[in-house]
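*Asks:* One file is attached below, model38.json, containing JSON, C-alpha atoms.
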[["chain", "number", "residue", "atom", "x", "y", "z"],
["A", 30, "MET", "CA", -25.72, 7.41, -16.18],
["A", 31, "ASN", "CA", -23.08, 6.92, -13.54],
["A", 32, "LEU", "CA", -24.05, 7.08, -9.87],
["A", 33, "HIS", "CA", -20.39, 7.43, -8.99],
["A", 34, "GLN", "CA", -19.26, 10.53, -10.78],
["A", 35, "PRO", "CA", -15.64, 11.64, -10.42],
["A", 36, "VAL", "CA", -14.99, 13.20, -7.01],
["A", 37, "GLU", "CA", -13.69, 16.40, -8.57],
["A", 38, "ASP", "CA", -17.13, 17.03, -10.12],
["A", 39, "LYS", "CA", -18.94, 16.79, -6.81],
["A", 40, "THR", "CA", -20.00, 20.02, -5.16],
["A", 41, "LEU", "CA", -19.49, 20.80, -1.47],
["A", 42, "LEU", "CA", -23.23, 20.13, -1.00],
["A", 43, "ASP", "CA", -22.87, 16.76, -2.77],
["A", 44, "LYS", "CA", -19.99, 15.68, -0.53],
["A", 45, "PHE", "CA", -21.74, 16.86, 2.63],
["A", 46, "SER", "CA", -24.95, 15.01, 1.65],
["A", 47, "GLU", "CA", -23.18, 11.79, 0.82],
["A", 48, "GLU", "CA", -21.29, 11.85, 4.10],
["A", 49, "VAL", "CA", -24.36, 12.36, 6.29],
["A", 50, "ALA", "CA", -26.44, 9.91, 4.24],
["A", 51, "LYS", "CA", -23.77, 7.23, 4.67],
["A", 52, "ILE", "CA", -23.73, 7.73, 8.45],
["A", 53, "VAL", "CA", -27.50, 8.00, 8.99],
["A", 54, "GLY", "CA", -28.24, 5.22, 6.49],
["A", 55, "LYS", "CA", -26.30, 2.73, 8.59],
["A", 56, "HIS", "CA", -28.91, 3.06, 11.33],
["A", 57, "CYS", "CA", -32.25, 3.83, 9.71],
["A", 58, "LYS", "CA", -34.19, 4.58, 6.55],
["A", 59, "TYR", "CA", -33.83, 8.16, 5.33],
["A", 60, "ALA", "CA", -34.77, 10.36, 2.38],
["A", 61, "ILE", "CA", -33.33, 13.72, 1.29],
["A", 62, "VAL", "CA", -36.26, 16.01, 0.53],
["A", 63, "SER", "CA", -37.08, 19.50, -0.75],
["A", 64, "GLY", "CA", -34.60, 22.04, -2.19],
["A", 65, "PHE", "CA", -31.55, 19.83, -2.53],
["A", 66, "VAL", "CA", -33.53, 17.39, -4.70],
["A", 67, "ALA", "CA", -33.93, 20.18, -7.25],
["A", 68, "ILE", "CA", -30.37, 21.48, -6.85],
["A", 69, "ALA", "CA", -28.80, 18.02, -7.11],
["A", 70, "SER", "CA", -30.89, 17.66, -10.28],
["A", 71, "GLY", "CA", -29.31, 20.74, -11.82],
["A", 72, "ARG", "CA", -31.44, 23.66, -10.62],
["A", 73, "SER", "CA", -29.19, 26.72, -10.63],
["A", 74, "ARG", "CA", -29.87, 28.26, -7.26],
["A", 75, "GLY", "CA", -28.12, 28.22, -3.94],
["A", 76, "THR", "CA", -29.07, 26.58, -0.67],
["A", 77, "GLU", "CA", -27.43, 26.09, 2.70],
["A", 78, "ASP", "CA", -29.68, 23.30, 3.96],
["A", 79, "ILE", "CA", -29.95, 19.62, 3.29],
["A", 80, "ASP", "CA", -33.34, 18.44, 4.55],
["A", 81, "MET", "CA", -33.53, 14.82, 5.63],
["A", 82, "ILE", "CA", -36.50, 12.81, 6.92],
["A", 83, "ILE", "CA", -35.80, 9.62, 8.85],
["A", 84, "GLU", "CA", -38.11, 6.90, 10.12],
["A", 85, "ARG", "CA", -39.41, 7.28, 13.68],
["A", 86, "ILE", "CA", -36.47, 5.82, 15.55],
["A", 87, "ASP", "CA", -36.23, 5.39, 19.31],
["A", 88, "LYS", "CA", -33.83, 7.33, 21.49],
["A", 89, "ASP", "CA", -31.17, 4.62, 21.60],
["A", 90, "THR", "CA", -30.96, 4.48, 17.81],
["A", 91, "PHE", "CA", -30.73, 8.27, 17.69],
["A", 92, "LYS", "CA", -27.90, 8.19, 20.23],
["A", 93, "ARG", "CA", -25.93, 5.91, 17.92],
["A", 94, "ILE", "CA", -26.53, 8.20, 14.92],
["A", 95, "HIS", "CA", -25.57, 11.26, 16.95],
["A", 96, "SER", "CA", -22.43, 9.56, 18.22],
["A", 97, "ASP", "CA", -21.37, 8.59, 14.68],
["A", 98, "LEU", "CA", -22.00, 12.12, 13.43],
["A", 99, "ILE", "CA", -19.88, 13.57, 16.26],
["A", 100, "LYS", "CA", -17.08, 11.09, 15.52],
["A", 101, "ALA", "CA", -17.17, 12.21, 11.87],
["A", 102, "GLY", "CA", -16.66, 15.85, 12.88],
["A", 103, "PHE", "CA", -20.24, 17.11, 12.94],
["A", 104, "GLU", "CA", -21.92, 19.05, 15.75],
["A", 105, "ALA", "CA", -25.56, 19.81, 16.51],
["A", 106, "LEU", "CA", -26.17, 23.55, 16.67],
["A", 107, "GLN", "CA", -28.85, 23.11, 19.37],
["A", 108, "GLY", "CA", -26.57, 21.34, 21.87],
["A", 109, "SER", "CA", -24.48, 18.28, 22.58],
["A", 110, "SER", "CA", -26.65, 16.11, 24.83],
["A", 111, "ALA", "CA", -28.24, 13.35, 22.74],
["A", 112, "ASP", "CA", -30.94, 12.88, 25.39],
["A", 113, "LYS", "CA", -31.97, 16.53, 25.25],
["A", 114, "LEU", "CA", -31.73, 16.72, 21.48],
["A", 115, "TYR", "CA", -34.09, 13.78, 21.16],
["A", 116, "ASP", "CA", -36.56, 14.88, 23.85],
["A", 117, "LEU", "CA", -36.68, 18.59, 23.08],
["A", 118, "TYR", "CA", -36.51, 18.47, 19.30],
["A", 119, "LEU", "CA", -36.92, 15.17, 17.47],
["A", 120, "ALA", "CA", -39.69, 13.77, 19.68],
["A", 121, "ASP", "CA", -41.51, 17.09, 19.28],
["A", 122, "ASN", "CA", -41.25, 16.88, 15.47],
["A", 123, "LEU", "CA", -38.67, 19.70, 15.33],
["A", 124, "SER", "CA", -35.54, 19.57, 13.19],
["A", 125, "LEU", "CA", -32.06, 18.97, 14.50],
["A", 126, "ARG", "CA", -29.44, 21.00, 12.72],
["A", 127, "TYR", "CA", -25.96, 19.61, 12.20],
["A", 128, "VAL", "CA", -22.94, 21.31, 10.67],
["A", 129, "LYS", "CA", -19.30, 20.35, 10.30],
["A", 130, "LYS", "CA", -17.34, 21.71, 13.27],
["A", 131, "GLY", "CA", -15.82, 25.04, 12.28],
["A", 132, "SER", "CA", -18.37, 25.68, 9.53],
["A", 133, "TYR", "CA", -21.89, 27.07, 9.63],
["A", 134, "VAL", "CA", -22.96, 25.90, 6.18],
["A", 135, "PRO", "CA", -23.98, 23.54, 4.70],
["A", 136, "GLU", "CA", -26.39, 22.44, 7.39],
["A", 137, "LEU", "CA", -28.23, 19.15, 7.80],
["A", 138, "GLU", "CA", -31.83, 19.54, 8.96],
["A", 139, "LEU", "CA", -32.79, 16.17, 10.36],
["A", 140, "LYS", "CA", -36.31, 15.31, 11.40],
["A", 141, "LEU", "CA", -38.46, 12.29, 12.14],
["A", 142, "ALA", "CA", -41.27, 11.24, 9.83],
["A", 143, "LYS", "CA", -44.32, 12.81, 11.41],
["A", 144, "ASP", "CA", -47.26, 11.45, 9.45],
["A", 145, "ARG", "CA", -48.43, 9.13, 6.66],
["A", 146, "LEU", "CA", -47.12, 11.57, 4.05],
["A", 147, "ASP", "CA", -43.58, 11.41, 5.43],
["A", 148, "GLU", "CA", -43.82, 7.62, 5.71],
["A", 149, "ASP", "CA", -44.90, 7.59, 2.06],
["A", 150, "GLN", "CA", -41.80, 9.61, 1.16],
["A", 151, "LEU", "CA", -39.59, 7.05, 2.88],
["A", 152, "LYS", "CA", -41.42, 4.11, 1.34],
["A", 153, "ASN", "CA", -41.11, 5.52, -2.19],
["A", 154, "ARG", "CA", -37.60, 6.99, -1.91],
["A", 155, "VAL", "CA", -35.40, 6.71, -4.98],
["A", 156, "LYS", "CA", -31.86, 7.11, -6.21],
["A", 157, "LEU", "CA", -31.55, 9.64, -9.01],
["A", 158, "PRO", "CA", -28.83, 8.76, -11.55],
["A", 159, "LEU", "CA", -28.82, 12.29, -12.98],
["A", 160, "THR", "CA", -27.49, 13.62, -9.66],
["A", 161, "GLY", "CA", -24.45, 11.32, -9.76],
["A", 162, "LEU", "CA", -25.01, 10.72, -6.05],
["A", 163, "ASP", "CA", -25.38, 7.39, -4.30],
["A", 164, "ILE", "CA", -28.04, 8.58, -1.87],
["A", 165, "TYR", "CA", -31.80, 8.27, -1.49],
["A", 166, "PHE", "CA", -34.14, 11.14, -2.34],
["A", 167, "SER", "CA", -37.88, 11.44, -1.98],
["A", 168, "SER", "CA", -39.48, 10.86, -5.37],
["A", 169, "ILE", "CA", -39.58, 13.59, -7.99],
["A", 170, "GLU", "CA", -43.38, 13.39, -8.02],
["A", 171, "THR", "CA", -43.40, 14.01, -4.25],
["A", 172, "ASN", "CA", -41.20, 17.07, -4.56],
["A", 173, "ILE", "CA", -43.27, 18.53, -7.39],
["A", 174, "ALA", "CA", -46.48, 17.92, -5.42],
["A", 175, "PHE", "CA", -45.15, 19.60, -2.25],
["A", 176, "LYS", "CA", -43.83, 22.60, -4.14],
["A", 177, "GLU", "CA", -46.99, 23.11, -6.24],
["A", 178, "GLU", "CA", -49.62, 22.22, -3.66],
["A", 179, "LEU", "CA", -48.18, 23.27, -0.29],
["A", 180, "LEU", "CA", -45.10, 25.51, -0.47],
["A", 181, "LYS", "CA", -45.98, 27.59, -3.54],
["A", 182, "SER", "CA", -43.31, 30.33, -3.19],
["A", 183, "GLU", "CA", -41.79, 31.67, -6.40],
["A", 184, "LYS", "CA", -38.64, 29.66, -5.68],
["A", 185, "ASP", "CA", -40.63, 26.46, -5.06],
["A", 186, "LEU", "CA", -42.71, 26.83, -8.21],
["A", 187, "GLU", "CA", -39.52, 27.38, -10.21],
["A", 188, "ASP", "CA", -38.02, 24.26, -8.62],
["A", 189, "ALA", "CA", -41.12, 22.30, -9.62],
["A", 190, "ARG", "CA", -40.94, 23.56, -13.21],
["A", 191, "HIS", "CA", -37.26, 22.61, -13.41],
["A", 192, "LEU", "CA", -38.02, 19.10, -12.11],
["A", 193, "ARG", "CA", -40.93, 18.68, -14.51],
["A", 194, "ILE", "CA", -38.66, 19.45, -17.48],
["A", 195, "VAL", "CA", -35.60, 17.52, -16.36],
["A", 196, "TYR", "CA", -37.60, 14.38, -15.50],
["A", 197, "SER", "CA", -40.30, 14.83, -18.17],
["A", 198, "ASP", "CA", -40.01, 11.25, -19.39],
["A", 199, "LYS", "CA", -40.01, 9.72, -15.89],
["A", 200, "ILE", "CA", -42.81, 11.37, -13.92],
["A", 201, "THR", "CA", -46.53, 10.64, -14.00],
["A", 202, "GLU", "CA", -49.35, 13.13, -13.33],
["A", 203, "GLU", "CA", -51.31, 10.34, -11.66],
["A", 204, "GLU", "CA", -48.63, 9.95, -8.98],
["A", 205, "ILE", "CA", -48.26, 13.74, -8.53],
["A", 206, "ASN", "CA", -52.03, 14.01, -8.03],
["A", 207, "ARG", "CA", -52.05, 11.08, -5.59],
["A", 208, "ILE", "CA", -49.54, 12.93, -3.40],
["A", 209, "LYS", "CA", -51.32, 16.27, -3.80],
["A", 210, "ASN", "CA", -54.47, 14.61, -2.48],
["A", 211, "MET", "CA", -52.54, 13.29, 0.53],
["A", 212, "ILE", "CA", -51.18, 16.80, 1.16],
["A", 213, "LYS", "CA", -54.70, 18.24, 1.04],
["A", 214, "SER", "CA", -55.98, 15.74, 3.59],
["A", 215, "LEU", "CA", -52.97, 15.69, 5.93],
["A", 216, "ARG", "CA", -51.26, 19.08, 5.81],
["A", 217, "LYS", "CA", -53.94, 21.68, 5.07],
["B", 19, "MET", "CA", -42.13, 39.50, -9.50],
["B", 20, "ARG", "CA", -39.60, 38.31, -12.06],
["B", 21, "ASP", "CA", -40.25, 38.84, -15.74],
["B", 22, "GLU", "CA", -40.67, 36.25, -18.43],
["B", 23, "THR", "CA", -37.01, 36.29, -19.49],
["B", 24, "HIS", "CA", -36.24, 34.78, -16.08],
["B", 25, "GLU", "CA", -38.78, 32.02, -16.70],
["B", 26, "GLU", "CA", -37.30, 31.44, -20.14],
["B", 27, "HIS", "CA", -33.87, 31.10, -18.59],
["B", 28, "ILE", "CA", -35.13, 28.48, -16.11],
["B", 29, "THR", "CA", -36.74, 26.51, -18.91],
["B", 30, "ARG", "CA", -33.69, 26.78, -21.17],
["B", 31, "TRP", "CA", -31.34, 25.64, -18.40],
["B", 32, "ALA", "CA", -33.60, 22.72, -17.39],
["B", 33, "VAL", "CA", -33.69, 21.52, -20.99],
["B", 34, "TYR", "CA", -29.89, 21.78, -21.12],
["B", 35, "VAL", "CA", -29.56, 19.70, -17.94],
["B", 36, "ARG", "CA", -31.95, 17.07, -19.29],
["B", 37, "ASP", "CA", -30.18, 16.87, -22.65],
["B", 38, "HIS", "CA", -26.60, 17.06, -21.34],
["B", 39, "PRO", "CA", -26.62, 14.82, -18.24],
["B", 40, "SER", "CA", -22.85, 14.51, -18.00],
["B", 41, "GLU", "CA", -22.01, 18.17, -18.62],
["B", 42, "TRP", "CA", -24.26, 20.37, -16.50],
["B", 43, "LYS", "CA", -22.64, 19.76, -13.11],
["B", 44, "SER", "CA", -19.21, 21.08, -14.00],
["B", 45, "GLN", "CA", -20.88, 24.35, -15.01],
["B", 46, "LEU", "CA", -22.93, 24.63, -11.82],
["B", 47, "LYS", "CA", -20.22, 23.55, -9.36],
["B", 48, "PRO", "CA", -18.27, 26.86, -9.17],
["B", 49, "PHE", "CA", -21.48, 28.79, -8.40],
["B", 50, "LEU", "CA", -22.73, 26.35, -5.75],
["B", 51, "ASP", "CA", -19.34, 25.97, -4.06],
["B", 52, "SER", "CA", -18.61, 29.69, -3.96],
["B", 53, "GLN", "CA", -21.95, 30.35, -2.25],
["B", 54, "ILE", "CA", -21.01, 27.95, 0.58],
["B", 55, "THR", "CA", -17.42, 29.21, 0.83],
["B", 56, "MET", "CA", -18.45, 32.86, 0.95],
["B", 57, "ALA", "CA", -21.22, 32.27, 3.49],
["B", 58, "ASN", "CA", -18.77, 30.50, 5.80],
["B", 59, "ARG", "CA", -16.19, 33.25, 5.31],
["B", 60, "VAL", "CA", -18.67, 35.84, 6.55],
["B", 61, "LEU", "CA", -20.30, 33.77, 9.30],
["B", 62, "ARG", "CA", -16.94, 32.75, 10.83],
["B", 63, "LYS", "CA", -16.17, 36.43, 11.45],
["B", 64, "LEU", "CA", -19.30, 36.85, 13.57],
["B", 65, "PRO", "CA", -19.73, 35.91, 17.23],
["B", 66, "LYS", "CA", -21.40, 32.50, 17.60],
["B", 67, "GLU", "CA", -24.40, 34.10, 19.32],
["B", 68, "LYS", "CA", -24.97, 36.31, 16.28],
["B", 69, "VAL", "CA", -24.82, 33.33, 13.93],
["B", 70, "MET", "CA", -27.33, 31.46, 16.08],
["B", 71, "GLU", "CA", -29.60, 34.50, 15.97],
["B", 72, "ILE", "CA", -29.31, 34.63, 12.17],
["B", 73, "LYS", "CA", -30.16, 30.94, 11.99],
["B", 74, "GLY", "CA", -33.10, 31.36, 14.37],
["B", 75, "ILE", "CA", -31.66, 29.10, 17.07],
["B", 76, "ASP", "CA", -32.15, 30.15, 20.71]]
Would you write the structure of this file as structure tokens?

*Replies:*
Amino acid sequence: MNLHQPVEDKTLLDKFSEEVAKIVGKHCKYAIVSGFVAIASGRSRGTEDIDMIIERIDKDTFKRIHSDLIKAGFEALQGSSADKLYDLYLADNLSLRYVKKGSYVPELELKLAKDRLDEDQLKNRVKLPLTGLDIYFSSIETNIAFKEELLKSEKDLEDARHLRIVYSDKITEEEINRIKNMIKSLRK
Amino acid sequence: MRDETHEEHITRWAVYVRDHPSEWKSQLKPFLDSQITMANRVLRKLPKEKVMEIKGID
């Protein structure tokens, strides 16, 4: 499968994700998590958010990421001061929300890895050829585990079922259960 | 609660995606793109404060 599908086949969410991933990935390790993993893997539902976890960077590194995002035409919805954005949001484990200037969706929700589970997502991040995108996602097993063990809404359980079918020959129950056990001990 | 035909549809579509890896995206793209385009069309007509309220940002 081709990681570089023709541009005309890419969705607006695909292009947005690749652009932010390229910028953030220059400065730190990242992983796209949650709903967009399912949608980029063919799940037929909408979303406005791209959720991204990044390693726990210091303020100076964040300032460089923020500056590059601004130069590329993005803006943070919570404000423009990189110092405040870091101190009031990222350092407090809250998401920063970036959009392209002049648009309100899609939206990047950027947050720092907050525990061993998030670090595990970064460590085991993967590229998914089926998506046609040259970006890193948290593993399919991780997404299934979160949706079945923690999130559990109708939408999340449907996402998990979709992922289980689409990646049926690539996932292992052992790995899903390993992550579910981490969720039980760290998030419940 | 959705009925079982909805679940069947999800399963049928997932199998299609798995078995047609180079075809599914062109079918999904119009739906995904129109959702973004229409949301922006509506949100741009609202005052910024209203949009922030909708998004839960103080």

*Asks:* Could you list, with a cut-off of 8 Å and counting only C-alpha atoms, the residues of chain A near chain B, each shown with its nearest atom pair and the distance in Å rounded to one decimal, rows sorted by chain and ascending number, as JSON lines?

*Replies:*
{"residue": "A:Met30", "atom": "CA", "partner": "B:Pro39", "partner_atom": "CA", "distance": 7.7}
{"residue": "A:Asp38", "atom": "CA", "partner": "B:Ser44", "partner_atom": "CA", "distance": 6.0}
{"residue": "A:Lys39", "atom": "CA", "partner": "B:Lys47", "partner_atom": "CA", "distance": 7.3}
{"residue": "A:Thr40", "atom": "CA", "partner": "B:Lys47", "partner_atom": "CA", "distance": 5.5}
{"residue": "A:Leu41", "atom": "CA", "partner": "B:Asp51", "partner_atom": "CA", "distance": 5.8}
{"residue": "A:Leu42", "atom": "CA", "partner": "B:Asp51", "partner_atom": "CA", "distance": 7.7}
{"residue": "A:Gly71", "atom": "CA", "partner": "B:Val35", "partner_atom": "CA", "distance": 6.2}
{"residue": "A:Arg72", "atom": "CA", "partner": "B:Ala32", "partner_atom": "CA", "distance": 7.2}
{"residue": "A:Ser73", "atom": "CA", "partner": "B:Leu46", "partner_atom": "CA", "distance": 6.7}
{"residue": "A:Arg74", "atom": "CA", "partner": "B:Leu50", "partner_atom": "CA", "distance": 7.5}
{"residue": "A:Gly75", "atom": "CA", "partner": "B:Leu50", "partner_atom": "CA", "distance": 6.0}
{"residue": "A:Glu77", "atom": "CA", "partner": "B:Ile54", "partner_atom": "CA", "distance": 7.0}
{"residue": "A:Leu106", "atom": "CA", "partner": "B:Ile75", "partner_atom": "CA", "distance": 7.8}
{"residue": "A:Gln107", "atom": "CA", "partner": "B:Ile75", "partner_atom": "CA", "distance": 7.0}
{"residue": "A:Gly131", "atom": "CA", "partner": "B:Arg62", "partner_atom": "CA", "distance": 7.9}
{"residue": "A:Ser132", "atom": "CA", "partner": "B:Asn58", "partner_atom": "CA", "distance": 6.1}
{"residue": "A:Tyr133", "atom": "CA", "partner": "B:Asn58", "partner_atom": "CA", "distance": 6.0}
{"residue": "A:Val134", "atom": "CA", "partner": "B:Asn58", "partner_atom": "CA", "distance": 6.2}
{"residue": "A:Pro135", "atom": "CA", "partner": "B:Ile54", "partner_atom": "CA", "distance": 6.7}
{"residue": "A:Leu159", "atom": "CA", "partner": "B:Pro39", "partner_atom": "CA", "distance": 6.2}
{"residue": "A:Glu187", "atom": "CA", "partner": "B:Ile28", "partner_atom": "CA", "distance": 7.4}
{"residue": "A:Arg190", "atom": "CA", "partner": "B:Thr29", "partner_atom": "CA", "distance": 7.7}
{"residue": "A:His191", "atom": "CA", "partner": "B:Ala32", "partner_atom": "CA", "distance": 5.4}
{"residue": "A:Leu192", "atom": "CA", "partner": "B:Ala32", "partner_atom": "CA", "distance": 7.8}
{"residue": "A:Ile194", "atom": "CA", "partner": "B:Ala32", "partner_atom": "CA", "distance": 6.0}
{"residue": "A:Val195", "atom": "CA", "partner": "B:Arg36", "partner_atom": "CA", "distance": 4.7}
{"residue": "A:Tyr196", "atom": "CA", "partner": "B:Arg36", "partner_atom": "CA", "distance": 7.3}

*Asks:* I need the residues from that last selection saved to file as a CSV table (one decimal), keeping the file's coordinate frame (with C-alpha atoms), if you can.

*Replies:*
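File produced: result.csv:
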chain,number,residue,atom,x,y,z
A,30,MET,CA,-25.7,7.4,-16.2
A,38,ASP,CA,-17.1,17.0,-10.1
A,39,LYS,CA,-18.9,16.8,-6.8
A,40,THR,CA,-20.0,20.0,-5.2
A,41,LEU,CA,-19.5,20.8,-1.5
A,42,LEU,CA,-23.2,20.1,-1.0
A,71,GLY,CA,-29.3,20.7,-11.8
A,72,ARG,CA,-31.4,23.7,-10.6
A,73,SER,CA,-29.2,26.7,-10.6
A,74,ARG,CA,-29.9,28.3,-7.3
A,75,GLY,CA,-28.1,28.2,-3.9
A,77,GLU,CA,-27.4,26.1,2.7
A,106,LEU,CA,-26.2,23.6,16.7
A,107,GLN,CA,-28.8,23.1,19.4
A,131,GLY,CA,-15.8,25.0,12.3
A,132,SER,CA,-18.4,25.7,9.5
A,133,TYR,CA,-21.9,27.1,9.6
A,134,VAL,CA,-23.0,25.9,6.2
A,135,PRO,CA,-24.0,23.5,4.7
A,159,LEU,CA,-28.8,12.3,-13.0
A,187,GLU,CA,-39.5,27.4,-10.2
A,190,ARG,CA,-40.9,23.6,-13.2
A,191,HIS,CA,-37.3,22.6,-13.4
A,192,LEU,CA,-38.0,19.1,-12.1
A,194,ILE,CA,-38.7,19.4,-17.5
A,195,VAL,CA,-35.6,17.5,-16.4
A,196,TYR,CA,-37.6,14.4,-15.5

*Asks:* As an exercise, work out the distance from CA of Tyr127 in chain A to CA of Glu67 in chain B in Å and give it to one decimal place.

*Replies:*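 Going from CA of Tyr127 in chain A over to CA of Glu67 in chain B, I get 16.2 Å.
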
*Asks:* Please compute the CA of Lys55 in chain A-CA of Asp144 in chain A distance, one decimal, in Å.

*Replies:*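 So the two atoms, CA of Lys55 in chain A and CA of Asp144 in chain A, lie 22.7 Å apart.
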
*Asks:* Report, in Å with one decimal, the straight-line distance from CA of Lys156 in chain A to CA of Val66 in chain A.

*Replies:*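 Rounded to one decimal, the two atoms are 10.5 Å apart.
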
*Asks:* Which of these, A:Lys130, A:Lys217, A:Arg207, A:Lys152, has the shortest distance to Tyr165 in chain A once you count only C-alpha atoms?

*Replies:*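 Using only C-alpha atoms, the shortest distance to Tyr165 in chain A belongs to A:Lys152.
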
*Asks:* Do you know which residues are at most 7 Å from range 117-125 of chain A counting all atoms listed in the file, after dropping those on the same chain fewer than 2 positions away, and could you put them as an NGL selection string?

*Replies:* :A and (105 or 113-115 or 127 or 138-141 or 143)

*Asks:* For a quick check of your reading of the model, name the residues lying within 10 Å of the coordinate (-30.6, 16.1, -7.2), counting all atoms listed in the file, and write them as a list in words.

*Replies:*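 Selection result: Asp43, Ile61, Val62, Ser63, Gly64, Phe65, Val66, Ala67, Ile68, Ala69, Ser70, Gly71, Arg72, Lys156, Leu157, Pro158, Leu159, Thr160, Gly161, Leu162, Ile164, Tyr165, Phe166, Ile169 and Leu192 of chain A.
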
*Asks:* For the point (-29.0, 17.7, 6.9) in file coordinates, what residues are within 6 Å, counting only C-alpha atoms? Give the answer as a list in words?

*Replies:*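 Within the cut-off we find Ile79, Asp80, Met81, Glu136, Leu137, Glu138 and Leu139 of chain A.
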
*Asks:* Since the input has fewer atoms than a full residue there, write range 165-179 of chain A out with N, CA and C atoms, as an mmCIF file, keeping the file's coordinate frame.

*Replies:*
data_model
loop_
_atom_site.group_PDB
_atom_site.id
_atom_site.type_symbol
_atom_site.label_atom_id
_atom_site.label_comp_id
_atom_site.auth_asym_id
_atom_site.auth_seq_id
_atom_site.Cartn_x
_atom_site.Cartn_y
_atom_site.Cartn_z
ATOM 1 N N TYR A 165 -30.359 8.358 -1.223
ATOM 2 C CA TYR A 165 -31.800 8.270 -1.490
ATOM 3 C C TYR A 165 -32.465 9.651 -1.367
ATOM 4 N N PHE A 166 -33.330 9.927 -2.337
ATOM 5 C CA PHE A 166 -34.140 11.140 -2.340
ATOM 6 C C PHE A 166 -35.610 10.749 -2.282
ATOM 7 N N SER A 167 -36.453 11.666 -1.790
ATOM 8 C CA SER A 167 -37.880 11.440 -1.980
ATOM 9 C C SER A 167 -38.162 11.568 -3.473
ATOM 10 N N SER A 168 -39.247 10.949 -3.922
ATOM 11 C CA SER A 168 -39.480 10.860 -5.370
ATOM 12 C C SER A 168 -39.672 12.243 -5.997
ATOM 13 N N ILE A 169 -39.395 12.323 -7.271
ATOM 14 C CA ILE A 169 -39.580 13.590 -7.990
ATOM 15 C C ILE A 169 -41.044 14.018 -7.933
ATOM 16 N N GLU A 170 -41.949 13.047 -8.083
ATOM 17 C CA GLU A 170 -43.380 13.390 -8.020
ATOM 18 C C GLU A 170 -43.728 14.009 -6.661
ATOM 19 N N THR A 171 -43.140 13.471 -5.586
ATOM 20 C CA THR A 171 -43.400 14.010 -4.250
ATOM 21 C C THR A 171 -42.932 15.454 -4.159
ATOM 22 N N ASN A 172 -41.741 15.716 -4.654
ATOM 23 C CA ASN A 172 -41.200 17.070 -4.560
ATOM 24 C C ASN A 172 -42.012 18.066 -5.386
ATOM 25 N N ILE A 173 -42.431 17.647 -6.564
ATOM 26 C CA ILE A 173 -43.270 18.530 -7.390
ATOM 27 C C ILE A 173 -44.592 18.802 -6.663
ATOM 28 N N ALA A 174 -45.187 17.764 -6.101
ATOM 29 C CA ALA A 174 -46.480 17.920 -5.420
ATOM 30 C C ALA A 174 -46.369 18.871 -4.229
ATOM 31 N N PHE A 175 -45.332 18.714 -3.406
ATOM 32 C CA PHE A 175 -45.150 19.600 -2.250
ATOM 33 C C PHE A 175 -44.969 21.056 -2.700
ATOM 34 N N LYS A 176 -44.155 21.230 -3.718
ATOM 35 C CA LYS A 176 -43.830 22.600 -4.140
ATOM 36 C C LYS A 176 -45.035 23.275 -4.805
ATOM 37 N N GLU A 177 -45.835 22.508 -5.538
ATOM 38 C CA GLU A 177 -46.990 23.110 -6.240
ATOM 39 C C GLU A 177 -48.233 23.202 -5.361
ATOM 40 N N GLU A 178 -48.372 22.274 -4.422
ATOM 41 C CA GLU A 178 -49.620 22.220 -3.660
ATOM 42 C C GLU A 178 -49.507 22.863 -2.282
ATOM 43 N N LEU A 179 -48.307 22.805 -1.671
ATOM 44 C CA LEU A 179 -48.180 23.270 -0.290
ATOM 45 C C LEU A 179 -47.275 24.504 -0.157
#
